[in-house]
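Here the structure is laid out as structure tokens; the discussion comes afterwards.
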Amino acid sequence: MKHMRRIKAACFFIIIAIFAMSMGVFAAETKTDDSAVYNVLLNHWNRRIYDLCFDIQGGDYDADEIRVYAGSNYHLTDSDGEILAEGDRIDSDGNVTTDAKGGSAARDKNGWYVVWKKPDFSKMKEQHVFVQANVEFAGGNNQSLSVKGLSGLYASSEDSQPVVPFEFEDIVVNVKSEVDLSDTVVPVMKGMNVENASFLSKAIMKMDAIYGDIRDIPLEFQWYRVDDGKETPVGEPVTQLPYHIPSSEFNAISNDYTEYRVEVYYKGEASTEEA
């Protein structure tokens, strides 16, 4: 009878950086100019919701409306994460209201935004707009919100550029990325040619992105050979698909080693020291 061996690619608490962090993902500083104080805060890490908030300084501006854009990879929600539809109005806390003076959810070629028409600037204090990353967006560190140069005070509804911009996009955040990995068990018979394409197509880590495309997430893999509980790194770190067992292990596969473990690292730089 031919001897049977198994190769197991296992993942144990390998998620680091943006996958499991729940702190240090909000903006590092508040931006201030002559017209407004504006900031970006984390509302809900797991649901990927952020709070674009601003205070209008003073009350005499040559502007007819305020617009705050969510950004191309985001949509609008209320403070509880309920998705807003076009025409929904929000109060200063970012929640749906029937008040005609509230901001109105709208959409144009630049994406979702909230607009206040003929606002009373003296009452625009601590206004909140909540945005959530789209499921098609992979996320990652150092991500910009809003749309560059479009959020701010507009002279009229016909204008395409604000007279006073809110530079939310200058404040970067970390947006949760998540991958789903599962163990792989591959039967190996002694004398089997483990260098052929058929084997390599099986001896890989099964992985899918929860959000967006896995190819948009900068990952690095390190394989480890497990022998009597001791882990030894094998091969060089892998930074692109396919994530199969290193070729240096082909001979060992048919000898004494039956189990392999892989660690996955997110390679994007964090937007804050805390992250």
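In the structure tokens, chains take letters A, B, ... by order of appearance, with residues numbered from 1 within each chain and ligands from 1 in the order shown.
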
Find the spatial neighbours of range 142-146 of chain A, counting only C-alpha atoms, within a cut-off of 10 Å - ignore same-chain residues fewer than 5 positions away - and output them as a tab-separated table (two decimals) with N, CA and C atoms, in the first residue's frame.
chain	number	residue	atom	x	y	z
A	25	VAL	N	-8.30	54.47	14.14
A	25	VAL	CA	-8.62	54.48	12.72
A	25	VAL	C	-9.29	55.77	12.30
A	27	ALA	N	-9.36	60.17	12.02
A	27	ALA	CA	-8.44	61.20	11.55
A	27	ALA	C	-7.52	61.67	12.66
A	40	VAL	N	-13.16	64.39	10.56
A	40	VAL	CA	-13.69	63.08	10.22
A	40	VAL	C	-13.47	62.17	11.42
A	50	TYR	N	-18.29	56.40	8.83
A	50	TYR	CA	-17.52	57.56	9.29
A	50	TYR	C	-18.42	58.79	9.37
A	52	LEU	N	-18.55	62.75	8.96
A	52	LEU	CA	-18.00	64.00	8.45
A	52	LEU	C	-18.73	65.13	9.16
A	68	VAL	N	-21.98	68.50	1.09
A	68	VAL	CA	-20.95	67.61	1.64
A	68	VAL	C	-21.03	66.29	0.88
A	69	TYR	N	-19.97	65.97	0.15
A	69	TYR	CA	-19.92	64.76	-0.67
A	69	TYR	C	-19.40	63.57	0.12
A	70	ALA	N	-20.00	62.41	-0.13
A	70	ALA	CA	-19.59	61.19	0.57
A	70	ALA	C	-18.29	60.64	0.02
A	71	GLY	N	-18.11	60.71	-1.29
A	71	GLY	CA	-16.94	60.12	-1.93
A	71	GLY	C	-17.34	58.98	-2.85
A	72	SER	N	-16.51	58.70	-3.84
A	72	SER	CA	-16.87	57.71	-4.87
A	72	SER	C	-17.05	56.31	-4.32
A	73	ASN	N	-16.42	55.98	-3.19
A	73	ASN	CA	-16.52	54.63	-2.63
A	73	ASN	C	-17.47	54.54	-1.45
A	74	TYR	N	-18.32	55.55	-1.28
A	74	TYR	CA	-19.16	55.63	-0.08
A	74	TYR	C	-20.59	56.04	-0.45
A	110	ASN	N	-20.70	62.82	-9.33
A	110	ASN	CA	-19.61	62.68	-8.36
A	110	ASN	C	-19.98	61.80	-7.18
A	111	GLY	N	-21.21	61.27	-7.19
A	111	GLY	CA	-21.63	60.38	-6.12
A	111	GLY	C	-22.65	61.02	-5.19
A	112	TRP	N	-22.82	60.42	-4.02
A	112	TRP	CA	-23.79	60.88	-3.03
A	112	TRP	C	-23.29	62.12	-2.30
A	113	TYR	N	-24.24	63.00	-1.95
A	113	TYR	CA	-23.90	64.18	-1.15
A	113	TYR	C	-25.14	64.66	-0.40
A	131	VAL	N	-21.20	58.60	6.44
A	131	VAL	CA	-20.95	57.90	5.18
A	131	VAL	C	-20.45	56.50	5.49
A	132	GLN	N	-20.80	55.57	4.62
A	132	GLN	CA	-20.42	54.16	4.79
A	132	GLN	C	-19.75	53.67	3.52
A	133	ALA	N	-18.68	52.91	3.67
A	133	ALA	CA	-17.97	52.35	2.52
A	133	ALA	C	-18.86	51.36	1.78
A	151	SER	N	-16.77	69.45	-1.54
A	151	SER	CA	-17.56	69.75	-0.34
A	151	SER	C	-17.27	71.18	0.10
A	166	PHE	N	-14.57	72.59	1.94
A	166	PHE	CA	-14.22	71.84	3.15
A	166	PHE	C	-13.32	70.70	2.69
A	167	GLU	N	-12.10	70.69	3.12
A	167	GLU	CA	-11.15	69.71	2.60
A	167	GLU	C	-11.15	68.42	3.43
A	168	PHE	N	-12.34	67.77	3.46
A	168	PHE	CA	-12.44	66.49	4.18
A	168	PHE	C	-11.47	65.47	3.61
A	169	GLU	N	-11.25	65.52	2.30
A	169	GLU	CA	-10.41	64.51	1.66
A	169	GLU	C	-8.95	64.61	2.07
A	170	ASP	N	-8.57	65.70	2.72
A	170	ASP	CA	-7.20	65.83	3.21
A	170	ASP	C	-6.98	65.06	4.52
A	171	ILE	N	-8.06	64.57	5.12
A	171	ILE	CA	-7.97	63.79	6.36
A	171	ILE	C	-8.19	62.32	5.99
A	172	VAL	N	-7.14	61.52	6.11
A	172	VAL	CA	-7.24	60.12	5.69
A	172	VAL	C	-7.63	59.23	6.87
A	173	VAL	N	-8.27	58.13	6.55
A	173	VAL	CA	-8.71	57.17	7.56
A	173	VAL	C	-8.32	55.77	7.13
A	174	ASN	N	-8.40	54.85	8.07
A	174	ASN	CA	-8.24	53.42	7.76
A	174	ASN	C	-9.64	52.82	7.63
A	175	VAL	N	-9.90	52.16	6.52
A	175	VAL	CA	-11.19	51.52	6.28
A	175	VAL	C	-11.00	50.02	6.36
A	268	GLY	N	-0.22	47.69	3.81
A	268	GLY	CA	-0.44	49.13	3.67
A	268	GLY	C	-0.07	49.86	4.94
A	269	GLU	N	0.54	51.04	4.81
A	269	GLU	CA	0.90	51.82	5.99
A	269	GLU	C	-0.35	52.36	6.67
A	270	ALA	N	-0.32	52.42	7.99
A	270	ALA	CA	-1.45	52.94	8.76
A	270	ALA	C	-1.45	54.46	8.68
A	271	SER	N	-2.64	55.06	8.85
A	271	SER	CA	-2.76	56.51	8.72
A	271	SER	C	-2.41	57.23	10.03
A	272	THR	N	-2.33	56.51	11.14
A	272	THR	CA	-1.95	57.11	12.40
A	272	THR	C	-1.01	56.19	13.14

Check range 57-241 of chain A with DSSP on the backbone and list each residue it calls strand (DSSP E or B), as a ChimeraX atom specification.
/A:65-69,74-77,83,89-90,96-97,103-108,111-117,127-133,140-144,152-154,164-165,172-175,179-182,184-189,204,206-209,219-227,230-238

Write the selection just made, keeping C-alpha atoms, as an mmCIF file, in the first residue's frame?
data_model
loop_
_atom_site.group_PDB
_atom_site.id
_atom_site.type_symbol
_atom_site.label_atom_id
_atom_site.label_comp_id
_atom_site.auth_asym_id
_atom_site.auth_seq_id
_atom_site.Cartn_x
_atom_site.Cartn_y
_atom_site.Cartn_z
ATOM 1 C CA GLU A 65 -26.041 76.318 -0.270
ATOM 2 C CA ILE A 66 -23.775 73.815 1.469
ATOM 3 C CA ARG A 67 -22.816 70.477 -0.009
ATOM 4 C CA VAL A 68 -20.952 67.615 1.639
ATOM 5 C CA TYR A 69 -19.923 64.763 -0.674
ATOM 6 C CA TYR A 74 -19.164 55.628 -0.084
ATOM 7 C CA HIS A 75 -22.902 56.166 0.366
ATOM 8 C CA LEU A 76 -24.942 58.077 2.965
ATOM 9 C CA THR A 77 -26.436 56.699 6.174
ATOM 10 C CA ILE A 83 -28.918 53.862 4.311
ATOM 11 C CA ARG A 89 -33.591 64.935 4.965
ATOM 12 C CA ILE A 90 -31.260 64.880 7.955
ATOM 13 C CA VAL A 96 -33.742 61.517 9.230
ATOM 14 C CA THR A 97 -36.117 64.419 9.850
ATOM 15 C CA GLY A 103 -30.001 68.709 4.622
ATOM 16 C CA SER A 104 -31.263 66.637 1.694
ATOM 17 C CA ALA A 105 -29.621 63.470 0.355
ATOM 18 C CA ALA A 106 -28.836 63.785 -3.349
ATOM 19 C CA ARG A 107 -26.670 62.213 -6.023
ATOM 20 C CA ASP A 108 -24.853 63.402 -9.129
ATOM 21 C CA GLY A 111 -21.631 60.379 -6.124
ATOM 22 C CA TRP A 112 -23.793 60.877 -3.029
ATOM 23 C CA TYR A 113 -23.901 64.178 -1.150
ATOM 24 C CA VAL A 114 -26.017 66.139 1.336
ATOM 25 C CA VAL A 115 -27.154 69.633 0.365
ATOM 26 C CA TRP A 116 -28.583 72.481 2.477
ATOM 27 C CA LYS A 117 -30.326 75.086 0.319
ATOM 28 C CA GLN A 127 -23.483 69.292 11.719
ATOM 29 C CA HIS A 128 -22.935 65.574 11.104
ATOM 30 C CA VAL A 129 -22.999 63.625 7.835
ATOM 31 C CA PHE A 130 -22.496 59.854 8.051
ATOM 32 C CA VAL A 131 -20.948 57.901 5.183
ATOM 33 C CA GLN A 132 -20.421 54.164 4.790
ATOM 34 C CA ALA A 133 -17.969 52.353 2.518
ATOM 35 C CA GLY A 140 -7.422 49.683 3.387
ATOM 36 C CA ASN A 141 -5.265 52.243 5.163
ATOM 37 C CA ASN A 142 -4.805 55.899 4.211
ATOM 38 C CA GLN A 143 -8.142 56.234 2.435
ATOM 39 C CA SER A 144 -9.648 59.633 1.603
ATOM 40 C CA GLY A 152 -18.126 73.264 0.974
ATOM 41 C CA LEU A 153 -20.109 76.512 0.506
ATOM 42 C CA TYR A 154 -21.589 77.148 -2.951
ATOM 43 C CA VAL A 164 -15.264 77.925 0.236
ATOM 44 C CA PRO A 165 -14.216 74.241 0.203
ATOM 45 C CA VAL A 172 -7.242 60.124 5.693
ATOM 46 C CA VAL A 173 -8.712 57.170 7.564
ATOM 47 C CA ASN A 174 -8.245 53.423 7.763
ATOM 48 C CA VAL A 175 -11.193 51.525 6.276
ATOM 49 C CA VAL A 179 -10.537 38.377 4.033
ATOM 50 C CA ASP A 180 -12.020 34.953 4.599
ATOM 51 C CA LEU A 181 -9.453 32.132 4.772
ATOM 52 C CA SER A 182 -10.053 28.426 5.194
ATOM 53 C CA THR A 184 -6.774 23.252 2.902
ATOM 54 C CA VAL A 185 -6.140 19.501 3.131
ATOM 55 C CA VAL A 186 -4.339 17.891 0.183
ATOM 56 C CA PRO A 187 -3.690 14.084 0.077
ATOM 57 C CA VAL A 188 -0.120 13.287 -1.071
ATOM 58 C CA MET A 189 1.018 9.795 -2.081
ATOM 59 C CA ILE A 204 -2.827 26.977 -2.029
ATOM 60 C CA LYS A 206 -8.279 29.443 -0.147
ATOM 61 C CA MET A 207 -9.076 33.096 0.347
ATOM 62 C CA ASP A 208 -11.790 35.564 -0.598
ATOM 63 C CA ALA A 209 -12.276 39.250 0.139
ATOM 64 C CA LEU A 219 -1.151 41.298 1.335
ATOM 65 C CA GLU A 220 2.009 39.401 2.162
ATOM 66 C CA PHE A 221 2.116 35.678 2.980
ATOM 67 C CA GLN A 222 4.751 33.767 4.929
ATOM 68 C CA TRP A 223 4.654 29.970 4.963
ATOM 69 C CA TYR A 224 5.782 27.922 7.994
ATOM 70 C CA ARG A 225 6.590 24.210 8.204
ATOM 71 C CA VAL A 226 5.194 22.636 11.403
ATOM 72 C CA ASP A 227 7.196 19.779 12.949
ATOM 73 C CA LYS A 230 7.633 23.840 16.125
ATOM 74 C CA GLU A 231 7.166 26.319 13.281
ATOM 75 C CA THR A 232 9.973 27.119 10.856
ATOM 76 C CA PRO A 233 9.574 29.808 8.147
ATOM 77 C CA VAL A 234 10.085 28.441 4.645
ATOM 78 C CA GLY A 235 10.598 30.317 1.406
ATOM 79 C CA GLU A 236 10.464 34.049 0.872
ATOM 80 C CA PRO A 237 7.377 36.164 1.693
ATOM 81 C CA VAL A 238 4.812 35.936 -1.104
#

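Distance check against Val163 in chain A using only C-alpha atoms: of A:Gly149, A:Ile56, A:Gly94, A:Tyr211, the minimum falls on A:Gly149.
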
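Picture a line from CA of Asp78 in chain A to CA of Val37 in chain A; it runs 21.1 Å.
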
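With distances restricted to only C-alpha atoms, A:Cys53 is the closest residue to Ser92 in chain A from A:Val135, A:Ile214, A:Val262, A:Cys53.
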